[in-house]
file model.cif (mmCIF, C-alpha atoms and all ligand atoms)
data_start
#
loop_
_atom_site.label_atom_id
_atom_site.label_comp_id
_atom_site.auth_asym_id
_atom_site.auth_seq_id
_atom_site.Cartn_x
_atom_site.Cartn_y
_atom_site.Cartn_z
CA MET A 1 -73.08 -170.58 82.89
CA ASN A 2 -71.11 -171.65 79.88
CA GLN A 3 -67.59 -172.48 81.04
CA ASP A 4 -66.07 -171.95 77.60
CA ALA A 5 -67.77 -168.68 76.87
CA LYS A 6 -65.44 -165.71 76.57
CA GLN A 7 -65.92 -163.12 79.28
CA VAL A 8 -66.23 -159.56 78.13
CA VAL A 9 -66.35 -156.44 80.26
CA LEU A 10 -68.17 -153.53 78.62
CA ILE A 11 -67.05 -150.27 80.18
CA LYS A 12 -69.48 -147.44 79.52
CA SER A 13 -67.61 -144.27 80.32
CA SER A 14 -69.78 -141.29 79.45
CA PRO A 15 -69.59 -138.77 82.31
CA LYS A 16 -73.27 -137.90 81.79
CA MET A 17 -75.39 -138.55 84.88
CA THR A 18 -78.92 -139.65 83.99
CA GLU A 19 -79.13 -138.23 80.47
CA GLU A 20 -79.08 -140.59 77.54
CA SER A 21 -75.58 -140.85 76.11
CA THR A 22 -74.15 -141.90 72.78
CA SER A 23 -71.74 -144.16 74.66
CA GLY A 24 -74.73 -145.81 76.35
CA LEU A 25 -76.37 -146.43 73.00
CA LEU A 26 -73.17 -147.91 71.58
CA THR A 27 -72.70 -150.11 74.65
CA ASP A 28 -76.28 -151.41 74.26
CA LYS A 29 -75.63 -152.25 70.63
CA LEU A 30 -72.46 -154.12 71.54
CA GLU A 31 -74.21 -155.96 74.34
CA ASN A 32 -76.98 -157.14 72.01
CA LEU A 33 -74.53 -158.36 69.40
CA MET A 34 -72.49 -160.17 72.05
CA LYS A 35 -75.53 -161.84 73.59
CA THR A 36 -76.48 -163.41 70.27
CA GLU A 37 -72.93 -164.69 70.01
CA ARG A 38 -73.18 -166.13 73.54
CA LEU A 39 -70.37 -164.13 75.01
CA GLU A 40 -70.58 -163.62 78.75
CA ILE A 41 -71.00 -159.95 79.57
CA TYR A 42 -70.21 -157.90 82.64
CA ARG A 43 -71.23 -154.27 82.25
CA ILE A 44 -69.69 -151.32 84.08
CA ASN A 45 -71.00 -147.77 84.30
CA VAL A 46 -67.83 -145.90 85.23
CA ARG A 47 -69.58 -142.94 86.86
CA LYS A 48 -71.67 -145.21 89.08
CA SER A 49 -68.72 -147.42 89.87
CA LEU A 50 -66.63 -144.48 91.07
CA ILE A 51 -69.35 -142.54 92.85
CA GLN A 52 -70.88 -145.56 94.58
CA GLY A 53 -67.45 -146.84 95.54
CA LYS A 54 -67.89 -150.23 93.91
CA THR A 55 -64.77 -150.15 91.81
CA GLU A 56 -63.28 -153.14 93.59
CA ALA A 57 -65.88 -155.60 92.29
CA ASP A 58 -65.62 -154.07 88.84
CA PHE A 59 -61.82 -154.21 88.86
CA GLU A 60 -61.97 -157.89 89.83
CA ALA A 61 -64.24 -158.57 86.87
CA MET A 62 -61.84 -156.70 84.60
CA LEU A 63 -58.85 -158.69 85.87
CA LYS A 64 -60.63 -161.94 85.03
CA ALA A 65 -61.95 -160.89 81.63
CA ASP A 66 -60.87 -162.13 78.22
CA ALA A 67 -61.68 -158.76 76.69
CA LEU A 68 -62.27 -155.16 77.78
CA VAL A 69 -64.20 -152.71 75.64
CA PHE A 70 -64.00 -149.03 76.61
CA VAL A 71 -66.85 -146.93 75.22
CA PHE A 72 -66.47 -143.20 75.82
CA PRO A 73 -66.78 -139.66 74.45
CA LEU A 74 -63.87 -137.48 73.42
CA TYR A 75 -63.31 -134.67 75.95
CA VAL A 76 -60.89 -131.93 74.90
CA PHE A 77 -59.23 -134.22 72.36
CA CYS A 78 -58.57 -137.11 74.76
CA LEU A 79 -60.12 -139.19 77.57
CA PRO A 80 -62.49 -137.57 80.09
CA GLY A 81 -60.93 -136.97 83.52
CA MET A 82 -63.46 -139.43 84.94
CA LEU A 83 -62.20 -142.29 82.78
CA MET A 84 -58.59 -141.40 83.60
CA ARG A 85 -59.46 -141.73 87.30
CA PHE A 86 -60.90 -145.19 86.65
CA LEU A 87 -57.85 -146.30 84.63
CA GLN A 88 -55.34 -144.94 87.14
CA ASP A 89 -57.12 -146.68 90.00
CA TYR A 90 -57.44 -149.91 88.03
CA TYR A 91 -53.76 -149.84 87.20
CA ALA A 92 -52.84 -149.40 90.87
CA PHE A 93 -55.29 -152.14 91.90
CA GLY A 94 -53.99 -154.72 89.43
CA LEU A 95 -50.33 -153.92 89.58
CA ASN A 96 -49.10 -156.87 91.61
CA ARG A 97 -51.73 -159.41 90.79
CA PRO A 98 -50.36 -162.74 89.61
CA ASP A 99 -53.58 -163.82 87.90
CA ARG A 100 -53.15 -161.47 84.99
CA LYS A 101 -54.19 -162.59 81.53
CA LYS A 102 -53.34 -161.37 78.05
CA THR A 103 -56.66 -159.59 77.83
CA ARG A 104 -57.76 -158.11 74.51
CA VAL A 105 -58.62 -154.42 74.61
CA TYR A 106 -60.82 -152.30 72.32
CA ALA A 107 -61.87 -148.64 72.28
CA VAL A 108 -65.09 -147.14 70.91
CA VAL A 109 -64.78 -143.34 70.95
CA ASN A 110 -67.33 -140.82 69.76
CA CYS A 111 -67.01 -137.05 69.50
CA GLY A 112 -69.15 -134.01 68.83
CA PHE A 113 -67.25 -132.64 65.85
CA THR A 114 -67.82 -134.34 62.50
CA GLU A 115 -64.20 -135.43 62.01
CA ALA A 116 -63.86 -139.04 63.14
CA GLY A 117 -60.06 -138.87 62.92
CA ILE A 118 -59.71 -136.51 65.87
CA ASN A 119 -60.46 -139.48 68.14
CA GLN A 120 -57.14 -141.01 67.22
CA GLU A 121 -55.16 -139.71 70.18
CA ALA A 122 -57.80 -141.08 72.58
CA VAL A 123 -57.40 -144.50 70.97
CA ARG A 124 -53.63 -144.16 71.37
CA VAL A 125 -54.13 -143.51 75.11
CA ILE A 126 -56.08 -146.78 75.44
CA LYS A 127 -53.26 -148.49 73.54
CA SER A 128 -50.69 -147.00 75.91
CA PHE A 129 -52.76 -148.21 78.89
CA SER A 130 -52.82 -151.68 77.33
CA GLN A 131 -49.05 -151.71 76.97
CA LYS A 132 -48.56 -150.72 80.61
CA THR A 133 -50.92 -153.45 81.78
CA ASN A 134 -49.43 -156.02 79.42
CA TYR A 135 -52.71 -156.37 77.59
CA ASP A 136 -53.24 -156.88 73.90
CA PHE A 137 -54.63 -153.72 72.35
CA ARG A 138 -56.52 -154.70 69.20
CA PHE A 139 -58.19 -151.70 67.55
CA GLY A 140 -60.46 -148.72 68.04
CA ILE A 141 -63.64 -147.46 66.41
CA MET A 142 -63.61 -143.69 65.97
CA ILE A 143 -66.96 -142.00 65.45
CA GLY A 144 -67.43 -138.38 64.34
CA GLY A 145 -70.68 -136.47 64.88
CA GLY A 146 -71.67 -138.87 67.66
CA GLY A 147 -74.62 -136.75 68.78
CA LEU A 148 -76.48 -137.64 65.58
CA LEU A 149 -76.67 -141.25 66.70
CA LEU A 150 -78.89 -140.27 69.61
CA GLY A 151 -81.13 -137.94 67.66
CA ALA A 152 -81.37 -139.46 64.23
CA GLN A 153 -80.31 -143.11 64.14
CA GLU A 154 -83.62 -144.12 62.57
CA ALA A 155 -83.57 -141.42 59.85
CA PRO A 156 -83.22 -142.64 56.25
CA PHE A 157 -80.04 -140.62 55.64
CA MET A 158 -78.40 -142.50 58.53
CA LYS A 159 -78.96 -145.94 57.06
CA LYS A 160 -75.56 -146.26 55.41
CA THR A 161 -73.75 -145.00 58.52
CA MET A 162 -75.71 -147.31 60.81
CA THR A 163 -74.79 -150.30 58.64
CA GLU A 164 -71.11 -149.31 58.71
CA LEU A 165 -71.27 -148.80 62.45
CA GLY A 166 -73.02 -152.15 62.97
CA ASN A 167 -70.33 -153.90 60.92
CA SER A 168 -67.53 -152.28 62.89
CA LEU A 169 -69.09 -153.35 66.19
CA LYS A 170 -69.49 -156.87 64.80
CA GLN A 171 -65.80 -156.85 64.04
CA ILE A 172 -65.08 -156.38 67.75
CA VAL A 173 -67.35 -159.31 68.56
CA TYR A 174 -65.67 -161.45 65.89
CA ASP A 175 -62.23 -160.52 67.16
CA ILE A 176 -63.09 -161.48 70.74
CA LYS A 177 -64.67 -164.77 69.72
CA ASN A 178 -62.05 -165.94 67.25
CA CYS A 179 -58.87 -164.36 68.64
CA PRO A 180 -57.13 -163.74 65.31
CA ASP A 181 -53.52 -162.59 65.58
CA ASP A 182 -53.36 -160.32 62.56
CA ARG A 183 -53.14 -156.59 63.07
CA VAL A 184 -56.38 -154.69 62.63
CA GLU A 185 -56.47 -150.99 61.71
CA ASN A 186 -58.66 -148.55 63.60
CA ILE A 187 -62.03 -147.97 61.94
CA SER A 188 -63.41 -144.47 61.24
CA ILE A 189 -67.14 -143.88 61.09
CA THR A 190 -68.26 -140.57 59.61
CA MET A 191 -71.88 -139.48 59.48
CA ASN A 192 -73.33 -139.30 56.00
CA PHE A 193 -74.39 -135.69 56.58
CA PRO A 194 -73.07 -132.35 55.25
CA ARG A 195 -70.80 -130.67 57.74
CA ARG A 196 -72.17 -127.18 57.13
CA LEU A 197 -75.68 -128.34 57.83
CA TYR A 198 -74.47 -130.16 60.96
CA HIS A 199 -72.93 -126.91 62.21
CA PHE A 200 -75.99 -124.88 61.28
CA MET A 201 -78.35 -127.23 63.09
CA GLY A 202 -76.00 -127.61 66.04
CA ASN A 203 -75.74 -123.84 66.48
CA ARG A 204 -79.51 -123.44 66.24
CA GLY A 205 -79.84 -126.21 68.80
CA TRP A 206 -77.79 -124.27 71.38
CA PHE A 207 -80.06 -121.24 71.01
CA SER A 208 -83.24 -123.25 71.32
CA MET A 209 -81.99 -125.15 74.39
CA ALA A 210 -80.96 -121.87 76.01
CA LYS A 211 -84.36 -120.42 75.22
CA LYS A 212 -86.01 -123.32 77.03
CA ASN A 213 -83.92 -122.31 80.06
CA GLY A 214 -85.34 -118.80 79.90
CA LEU A 215 -82.29 -117.22 78.27
CA GLN A 216 -82.11 -114.83 75.35
CA LYS A 217 -79.80 -115.17 72.38
CA LYS A 218 -77.36 -112.56 73.69
CA ASP A 219 -77.08 -114.34 77.05
CA LEU A 220 -75.13 -117.16 75.41
CA TYR A 221 -72.24 -114.72 74.89
CA ARG A 222 -71.89 -113.68 78.55
CA LYS A 223 -68.40 -113.04 79.87
CA PRO A 224 -68.84 -113.61 83.61
CA TYR A 225 -65.14 -113.49 84.46
CA GLU A 226 -64.07 -110.47 82.47
CA ARG A 227 -62.95 -107.71 84.81
CA TYR A 228 -62.74 -104.77 82.47
CA THR A 229 -65.84 -103.44 80.77
CA ASP A 230 -64.73 -101.43 77.77
CA MET B 1 -48.47 -109.73 85.81
CA GLN B 2 -50.60 -112.55 87.06
CA ALA B 3 -49.89 -116.26 86.48
CA ILE B 4 -51.71 -119.37 87.62
CA LEU B 5 -49.93 -122.63 88.22
CA ILE B 6 -51.97 -125.81 88.35
CA SER B 7 -50.44 -129.05 89.57
CA ASP B 8 -51.39 -132.54 90.69
CA LYS B 9 -51.13 -133.24 94.41
CA GLU B 10 -51.30 -136.99 93.80
CA TYR B 11 -48.00 -137.07 91.90
CA GLN B 12 -45.60 -134.91 93.87
CA THR B 13 -42.56 -136.90 92.86
CA GLU B 14 -38.95 -135.74 93.09
CA ALA B 15 -39.17 -134.64 89.46
CA TYR B 16 -42.28 -132.63 90.27
CA LYS B 17 -40.62 -130.87 93.19
CA ARG B 18 -37.65 -129.85 91.10
CA LEU B 19 -39.84 -128.74 88.24
CA ASN B 20 -42.11 -126.73 90.51
CA GLN B 21 -39.13 -124.97 92.08
CA LEU B 22 -37.60 -124.26 88.70
CA VAL B 23 -40.81 -122.80 87.27
CA THR B 24 -41.58 -120.79 90.40
CA ILE B 25 -38.14 -119.20 90.49
CA PHE B 26 -38.24 -118.50 86.76
CA LEU B 27 -41.61 -116.75 86.92
CA THR B 28 -40.85 -114.81 90.08
CA GLU B 29 -37.68 -113.48 88.47
CA LYS B 30 -39.82 -112.33 85.55
CA GLY B 31 -41.92 -110.33 87.99
CA MET B 32 -44.96 -112.60 87.79
CA LYS B 33 -47.38 -112.89 90.67
CA LEU B 34 -48.03 -116.57 91.03
CA THR B 35 -51.17 -118.31 92.32
CA GLU B 36 -50.72 -122.03 92.73
CA THR B 37 -53.49 -124.61 92.90
CA GLN B 38 -52.55 -128.17 93.77
CA LEU B 39 -55.37 -130.52 92.84
CA ASP B 40 -56.02 -133.62 94.89
CA ARG B 41 -58.29 -136.49 93.94
CA ASN B 42 -61.45 -135.16 95.52
CA ASP B 43 -60.96 -131.47 94.86
CA LEU B 44 -62.82 -131.24 91.57
CA ALA B 45 -65.98 -133.05 90.52
CA PHE B 46 -65.92 -134.74 87.14
CA CYS B 47 -67.51 -132.78 84.30
CA LYS B 48 -70.97 -134.29 83.82
CA GLY B 49 -71.34 -133.40 80.17
CA CYS B 50 -74.55 -131.41 80.75
CA PHE B 51 -73.49 -128.31 78.76
CA GLY B 52 -75.12 -126.17 81.48
CA CYS B 53 -72.08 -123.88 81.12
CA TRP B 54 -73.32 -123.04 77.61
CA ILE B 55 -77.11 -123.10 77.87
CA LYS B 56 -78.06 -122.59 81.53
CA LYS B 57 -75.41 -120.36 83.09
CA PRO B 58 -73.38 -119.27 80.07
CA GLY B 59 -69.70 -118.99 80.96
CA GLU B 60 -69.99 -120.72 84.36
CA CYS B 61 -69.98 -124.37 85.37
CA VAL B 62 -73.19 -125.39 87.14
CA ILE B 63 -71.22 -127.45 89.68
CA SER B 64 -70.12 -125.31 92.59
CA ASP B 65 -66.62 -126.22 93.69
CA ALA B 66 -63.04 -124.96 93.32
CA MET B 67 -63.33 -124.81 89.52
CA ALA B 68 -65.14 -121.45 89.51
CA GLN B 69 -62.17 -119.86 91.24
CA ILE B 70 -59.74 -121.52 88.84
CA ASN B 71 -61.64 -120.37 85.75
CA HIS B 72 -61.91 -116.85 87.12
CA GLY B 73 -58.18 -116.80 87.79
CA PHE B 74 -57.46 -118.28 84.37
CA ILE B 75 -59.33 -115.60 82.44
CA ASN B 76 -57.70 -112.84 84.46
CA SER B 77 -54.12 -114.08 84.15
CA GLN B 78 -51.43 -113.47 81.57
CA LEU B 79 -50.10 -116.96 81.95
CA ALA B 80 -51.44 -120.39 82.90
CA ILE B 81 -48.97 -123.20 83.55
CA TYR B 82 -49.94 -126.80 84.12
CA LEU B 83 -47.45 -129.17 85.74
CA CYS B 84 -48.87 -132.45 84.62
CA PRO B 85 -48.00 -136.08 85.28
CA VAL B 86 -47.99 -137.98 81.97
CA ILE B 87 -50.12 -141.09 82.47
CA PHE B 88 -50.67 -143.48 79.55
CA GLY B 89 -49.46 -140.62 77.34
CA GLN B 90 -52.23 -138.33 78.63
CA PHE B 91 -52.98 -135.78 81.36
CA SER B 92 -53.54 -137.30 84.79
CA SER B 93 -57.11 -137.40 86.03
CA ASN B 94 -56.79 -134.45 88.42
CA ILE B 95 -55.36 -132.18 85.73
CA LYS B 96 -57.79 -133.48 83.11
CA ASN B 97 -60.78 -132.66 85.29
CA ALA B 98 -59.57 -129.06 85.35
CA LEU B 99 -59.12 -129.08 81.55
CA ASP B 100 -62.53 -130.67 80.89
CA ARG B 101 -64.13 -128.03 83.06
CA CYS B 102 -62.54 -125.19 81.11
CA ILE B 103 -65.26 -125.39 78.46
CA PRO B 104 -67.35 -122.64 80.13
CA ASN B 105 -64.62 -120.30 78.84
CA ILE B 106 -65.47 -120.94 75.20
CA LEU B 107 -68.67 -120.60 73.16
CA PRO B 108 -70.79 -123.58 72.14
CA PHE B 109 -70.96 -122.88 68.41
CA PHE B 110 -69.21 -124.90 65.71
CA GLU B 111 -66.75 -123.14 63.45
CA THR B 112 -64.54 -124.34 60.63
CA ARG B 113 -60.93 -123.17 60.99
CA PRO B 114 -58.84 -122.15 57.97
CA ASP B 115 -57.17 -125.57 57.95
CA GLY B 116 -60.59 -127.25 57.66
CA SER B 117 -60.80 -128.56 61.23
CA THR B 118 -63.70 -127.79 63.57
CA MET B 119 -63.41 -125.67 66.71
CA HIS B 120 -65.58 -123.62 69.05
CA PRO B 121 -65.19 -119.84 68.98
CA ALA B 122 -63.67 -117.87 71.84
CA ARG B 123 -65.94 -116.41 74.54
CA TYR B 124 -63.35 -113.83 75.63
CA ARG B 125 -61.20 -111.50 73.57
CA SER B 126 -58.00 -112.96 74.89
CA TYR B 127 -56.76 -115.88 76.93
CA PRO B 128 -53.66 -116.41 79.01
CA LYS B 129 -50.68 -117.94 77.33
CA GLN B 130 -50.96 -121.62 78.25
CA ILE B 131 -47.97 -123.83 78.89
CA ILE B 132 -48.36 -127.50 79.72
CA ILE B 133 -45.29 -129.18 81.18
CA GLY B 134 -45.57 -132.95 81.35
CA TYR B 135 -43.36 -134.98 83.67
CA GLY B 136 -42.86 -138.61 84.55
CA ASP B 137 -40.04 -141.06 85.15
CA ASP B 138 -38.85 -143.09 82.17
CA LEU B 139 -41.49 -141.94 79.71
CA SER B 140 -41.40 -143.88 76.46
CA GLU B 141 -40.93 -142.01 73.21
CA GLU B 142 -44.41 -143.13 72.20
CA ASP B 143 -45.97 -141.59 75.31
CA ARG B 144 -44.01 -138.37 74.92
CA ASN B 145 -45.15 -138.01 71.31
CA LEU B 146 -48.72 -138.79 72.26
CA PHE B 147 -48.68 -136.23 75.06
CA ILE B 148 -47.54 -133.58 72.57
CA ASP B 149 -49.96 -134.64 69.82
CA ILE B 150 -53.02 -134.47 72.08
CA THR B 151 -52.55 -130.74 72.37
CA LYS B 152 -50.46 -129.64 69.43
CA LYS B 153 -52.48 -131.42 66.74
CA HIS B 154 -55.70 -129.78 67.85
CA ARG B 155 -55.15 -126.58 69.81
CA ARG B 156 -53.44 -123.32 68.95
CA ASN B 157 -51.70 -121.03 71.42
CA VAL B 158 -50.88 -123.80 73.87
CA GLU B 159 -47.24 -124.80 74.39
CA VAL B 160 -46.26 -128.29 75.49
CA LEU B 161 -42.94 -129.21 77.11
CA ILE B 162 -41.79 -132.44 78.66
CA TYR B 163 -39.53 -132.45 81.69
CA GLN B 164 -37.19 -135.39 82.01
CA GLY B 165 -34.83 -133.98 84.61
CA ASN B 166 -33.05 -131.49 82.38
CA ASP B 167 -33.55 -128.14 84.14
CA ALA B 168 -31.59 -126.12 81.59
CA GLU B 169 -33.78 -127.37 78.77
CA ILE B 170 -36.98 -126.17 80.47
CA SER B 171 -35.47 -122.81 81.52
CA GLN B 172 -34.29 -122.22 77.99
CA ALA B 173 -37.62 -123.15 76.44
CA LEU B 174 -39.46 -120.88 78.87
CA SER B 175 -37.10 -117.98 78.28
CA GLN B 176 -37.82 -118.17 74.55
CA MET B 177 -41.58 -117.86 75.05
CA GLU B 178 -43.56 -114.66 75.17
CA LEU B 179 -45.13 -114.76 78.59
CA LYS B 180 -48.17 -112.62 77.97
CA LYS B 181 -51.80 -112.95 76.98
CA ALA B 182 -52.45 -114.81 73.76
CA GLY B 183 -55.23 -113.73 71.44
CA ASP B 184 -58.56 -115.45 70.98
CA GLU B 185 -57.38 -118.26 68.73
CA LEU B 186 -58.15 -121.57 70.39
C1 LIG C 301 -66.02 -131.21 78.53
C2 LIG C 301 -66.32 -131.66 77.14
C3 LIG C 301 -65.30 -131.67 76.19
C4 LIG C 301 -65.54 -132.09 74.88
N1 LIG C 301 -64.51 -132.08 73.98
C5 LIG C 301 -64.73 -132.44 72.69
C6 LIG C 301 -63.67 -132.40 71.73
O1 LIG C 301 -62.53 -132.06 72.04
N2 LIG C 301 -63.96 -132.72 70.44
C7 LIG C 301 -65.22 -133.10 70.06
O2 LIG C 301 -65.44 -133.37 68.89
N3 LIG C 301 -66.24 -133.19 70.97
C8 LIG C 301 -66.02 -132.86 72.26
N4 LIG C 301 -67.04 -132.94 73.18
C9 LIG C 301 -68.36 -133.43 72.75
C10 LIG C 301 -68.63 -134.90 73.09
O3 LIG C 301 -67.57 -135.72 72.68
C11 LIG C 301 -69.92 -135.35 72.41
O4 LIG C 301 -70.97 -134.56 72.87
C12 LIG C 301 -70.22 -136.82 72.58
O5 LIG C 301 -71.21 -137.20 71.64
C13 LIG C 301 -70.73 -137.16 73.99
O6 LIG C 301 -70.84 -138.56 74.11
P1 LIG C 301 -71.67 -139.26 75.30
O7 LIG C 301 -73.13 -138.97 75.02
O8 LIG C 301 -71.35 -140.70 75.17
O9 LIG C 301 -71.23 -138.66 76.58
C14 LIG C 301 -66.84 -132.53 74.49
C15 LIG C 301 -67.86 -132.51 75.45
C16 LIG C 301 -67.62 -132.07 76.75
C17 LIG C 301 -68.74 -132.08 77.74
#
call {"tool": "encode", "arguments": {"input": "model.cif", "output": "structure tokens"}}
result
Amino acid sequence: MNQDAKQVVLIKSSPKMTEESTSGLLTDKLENLMKTERLEIYRINVRKSLIQGKTEADFEAMLKADALVFVFPLYVFCLPGMLMRFLQDYYAFGLNRPDRKKTRVYAVVNCGFTEAGINQEAVRVIKSFSQKTNYDFRFGIMIGGGGLLLGAQEAPFMKKTMTELGNSLKQIVYDIKNCPDDRVENISITMNFPRRLYHFMGNRGWFSMAKKNGLQKKDLYRKPYERYTD
Amino acid sequence: MQAILISDKEYQTEAYKRLNQLVTIFLTEKGMKLTETQLDRNDLAFCKGCFGCWIKKPGECVISDAMAQINHGFINSQLAIYLCPVIFGQFSSNIKNALDRCIPNILPFFETRPDGSTMHPARYRSYPKQIIIGYGDDLSEEDRNLFIDITKKHRRNVEVLIYQGNDAEISQALSQMELKKAGDEL
């Protein structure tokens, strides 16, 4: 173990169970970049941590870290309830601990809609958390159309976006390693893909997934809770 | 007239108790029939992001717990009020689980709204009027603004109030609102 190496906790917070997630992919990318820079990494899967009741070990790692990176999807324009549970419990756990450091905090948020900017409030929540814990919030990366990363990251039209994304993740690594004091703006990553086509393909996708589940097109419009039938 | 009231059992502070009493009296005087659900930390499972509510069992969450009852009550009410602790400028976890798991009530498709933003279309013809009342002791201005922005920047037909101990302010705000079903604009 390298005594001088910075310790980073990567906190993957997609509520998905076993399915592949965009947050998982982004966490992997960060982990690879950090390994080549010889940062020491502790990785948390928030769902597993909560469900398997191993938050205590994870919270200890977070309390000792030099940097925390939260990687999560946007749920109803802010943090998923699952991540809020983790943050609330962490806050309660660390409240009276004397060994607190001025940890650096980053957020990597992706959403389903194409507009990267709608992730801004989620980044502000992570900033607010950092203020309450006396941490140093640095910046967030806000990604629109996050689902495309899973399906099409190798496609030629994604090349420009993938380069931009890679550079933004490298900026987190740089910031952790070199601890600059200057203010850094949040970074927006927008897919290089026409919005109308994204909507068209997305909508077709819902029908084809439903079909695989044995449903017809009209079934998608069911109103199970409507009482009146006019 | 039916109303549902959703609150967080984990944060039943003095402020919460006063707020709950204030809202309950106000709605009862208006002739509303109130159903209250107090959510504790293990009452609702976390959404698991599977979209089963859109492509497996359209309109219903595939997890079977108290959420089915809440969503049923929601769709069949004129009014839905959330009494919500403001934590880090956001909804507390218990309330947010209920909000995350509201997505069965909308359709999966992507739509561009007149202002250029994206939204999903409505599944039902109308929804209850939704009022979110945030509370917390000594909330910073930054957190109060954030709590409002999270909803008001992105959603239509949802009102947001913040309770800081001023009963008259909340009563007045409520009395100026139309307490009946909103349309299908989300
Ligand atoms: C309950 C729920 C709420 C969501 N809310 C939003 C939203 O408000 N805006 C948005 O653009 N995407 C929203 N999404 C879509 C996710 O952000 C998107 O699918 C993301 O890529 C998932 O990331 P993950 O694979 O890391 O979980 C929501 C998804 C779910 C399941």
call {"tool": "closest_atom_pairs", "arguments": {"input": "model.cif", "of": "chain B", "to": "chain A", "cutoff": "6 Å", "atoms": "only C-alpha atoms", "output": "JSON lines"}}
result
{"residue": "B:Phe46", "atom": "CA", "partner": "A:Met82", "partner_atom": "CA", "distance": 5.7}
{"residue": "B:Lys48", "atom": "CA", "partner": "A:Lys16", "partner_atom": "CA", "distance": 4.7}
{"residue": "B:Gly49", "atom": "CA", "partner": "A:Lys16", "partner_atom": "CA", "distance": 5.2}
{"residue": "B:Ile55", "atom": "CA", "partner": "A:Ala210", "partner_atom": "CA", "distance": 4.4}
{"residue": "B:Pro58", "atom": "CA", "partner": "A:Leu220", "partner_atom": "CA", "distance": 5.4}
{"residue": "B:His72", "atom": "CA", "partner": "A:Tyr225", "partner_atom": "CA", "distance": 5.4}
{"residue": "B:Phe88", "atom": "CA", "partner": "A:Ser128", "partner_atom": "CA", "distance": 5.1}
{"residue": "B:Gly89", "atom": "CA", "partner": "A:Val125", "partner_atom": "CA", "distance": 5.9}
{"residue": "B:Ser93", "atom": "CA", "partner": "A:Gly81", "partner_atom": "CA", "distance": 4.6}
{"residue": "B:Lys96", "atom": "CA", "partner": "A:Gly81", "partner_atom": "CA", "distance": 4.7}
{"residue": "B:Asn97", "atom": "CA", "partner": "A:Gly81", "partner_atom": "CA", "distance": 4.7}
{"residue": "B:Phe109", "atom": "CA", "partner": "A:Asn203", "partner_atom": "CA", "distance": 5.2}
{"residue": "B:Phe110", "atom": "CA", "partner": "A:His199", "partner_atom": "CA", "distance": 5.5}
{"residue": "B:Ile150", "atom": "CA", "partner": "A:Glu121", "partner_atom": "CA", "distance": 6.0}
call {"tool": "atom_distance", "arguments": {"input": "model.cif", "atom1": "atom CA of B:Ile131", "atom2": "atom CA of A:Ala116"}}
result
27.1 Å
call {"tool": "closest_atom_pairs", "arguments": {"input": "model.cif", "of": "chain B", "to": "ligand LIG 301 (chain C)", "cutoff": "6 Å", "atoms": "all atoms listed in the file", "output": "CSV"}}
result
residue,atom,partner,partner_atom,distance
B:Gly49,CA,C:LIG301,C17,3.8
B:Asp100,CA,C:LIG301,C1,4.2
B:Arg101,CA,C:LIG301,C1,5.8
B:Ile103,CA,C:LIG301,C1,5.9
call {"tool": "residues_around", "arguments": {"input": "model.cif", "residues": "A:Glu56", "least_positions_apart": "4", "cutoff": "10 Å", "atoms": "all atoms listed in the file", "output": "PDB file with C-alpha atoms, in the frame of the given file"}}
result
ATOM      1  CA  SER A  49     -68.720-147.420  89.870  1.00  0.00           C
ATOM      2  CA  LEU A  50     -66.630-144.480  91.070  1.00  0.00           C
ATOM      3  CA  GLU A  60     -61.970-157.890  89.830  1.00  0.00           C
ATOM      4  CA  ALA A  61     -64.240-158.570  86.870  1.00  0.00           C
ATOM      5  CA  MET A  62     -61.840-156.700  84.600  1.00  0.00           C
ATOM      6  CA  ASP A  89     -57.120-146.680  90.000  1.00  0.00           C
ATOM      7  CA  TYR A  90     -57.440-149.910  88.030  1.00  0.00           C
ATOM      8  CA  PHE A  93     -55.290-152.140  91.900  1.00  0.00           C
TER       9      PHE A  93
END
call {"tool": "closest_residue", "arguments": {"input": "model.cif", "among": "B:Ala66, B:Leu83, B:Leu186, B:Tyr127", "to": "B:Arg18", "atoms": "all atoms listed in the file"}}
result
B:Leu83
call {"tool": "residues_around", "arguments": {"input": "model.cif", "residues": "B:Ala45", "least_positions_apart": "2", "cutoff": "8 Å", "atoms": "only C-alpha atoms", "output": "list in words"}}
result
Asn42, Asp43, Cys47, Ile63, Asp65 and Asn97 of chain B
call {"tool": "atom_distance", "arguments": {"input": "model.cif", "atom1": "atom CA of B:Cys102", "atom2": "atom CA of B:Lys9"}}
result
19.3 Å
call {"tool": "atom_distance", "arguments": {"input": "model.cif", "atom1": "atom CA of B:Lys181", "atom2": "atom CA of B:Gln78"}}
result
4.6 Å
call {"tool": "residues_around", "arguments": {"input": "model.cif", "residues": "stretch 31-40 of chain A", "least_positions_apart": "4", "cutoff": "10 Å", "atoms": "all atoms listed in the file", "output": "list in words"}}
result
Met1, Asn2, Gln3, Asp4, Ala5, Lys6, Gln7, Val8, Val9, Leu10, Leu25, Leu26, Thr27, Ala65, Asp66, Gly166, Leu169, Lys170, Ile172, Val173, Tyr174, Ile176 and Lys177 of chain A
call {"tool": "residues_around", "arguments": {"input": "model.cif", "residues": "stretch 133-147 of chain A", "least_positions_apart": "6", "cutoff": "8 Å", "atoms": "only C-alpha atoms", "output": "PyMOL selection string"}}
result
chain A and resi 22+91+95+101-117+119-120+123+126-127+168+183-191
call {"tool": "residues_near_point", "arguments": {"input": "model.cif", "point": "(-36.5, -132.6, 81.0)", "cutoff": "10 Å", "atoms": "only C-alpha atoms", "output": "list in words"}}
result
Ala15, Leu19, Ile133, Gly134, Tyr135, Gly136, Leu161, Ile162, Tyr163, Gln164, Gly165, Asn166, Asp167, Ala168, Glu169, Ile170 and Ser171 of chain B
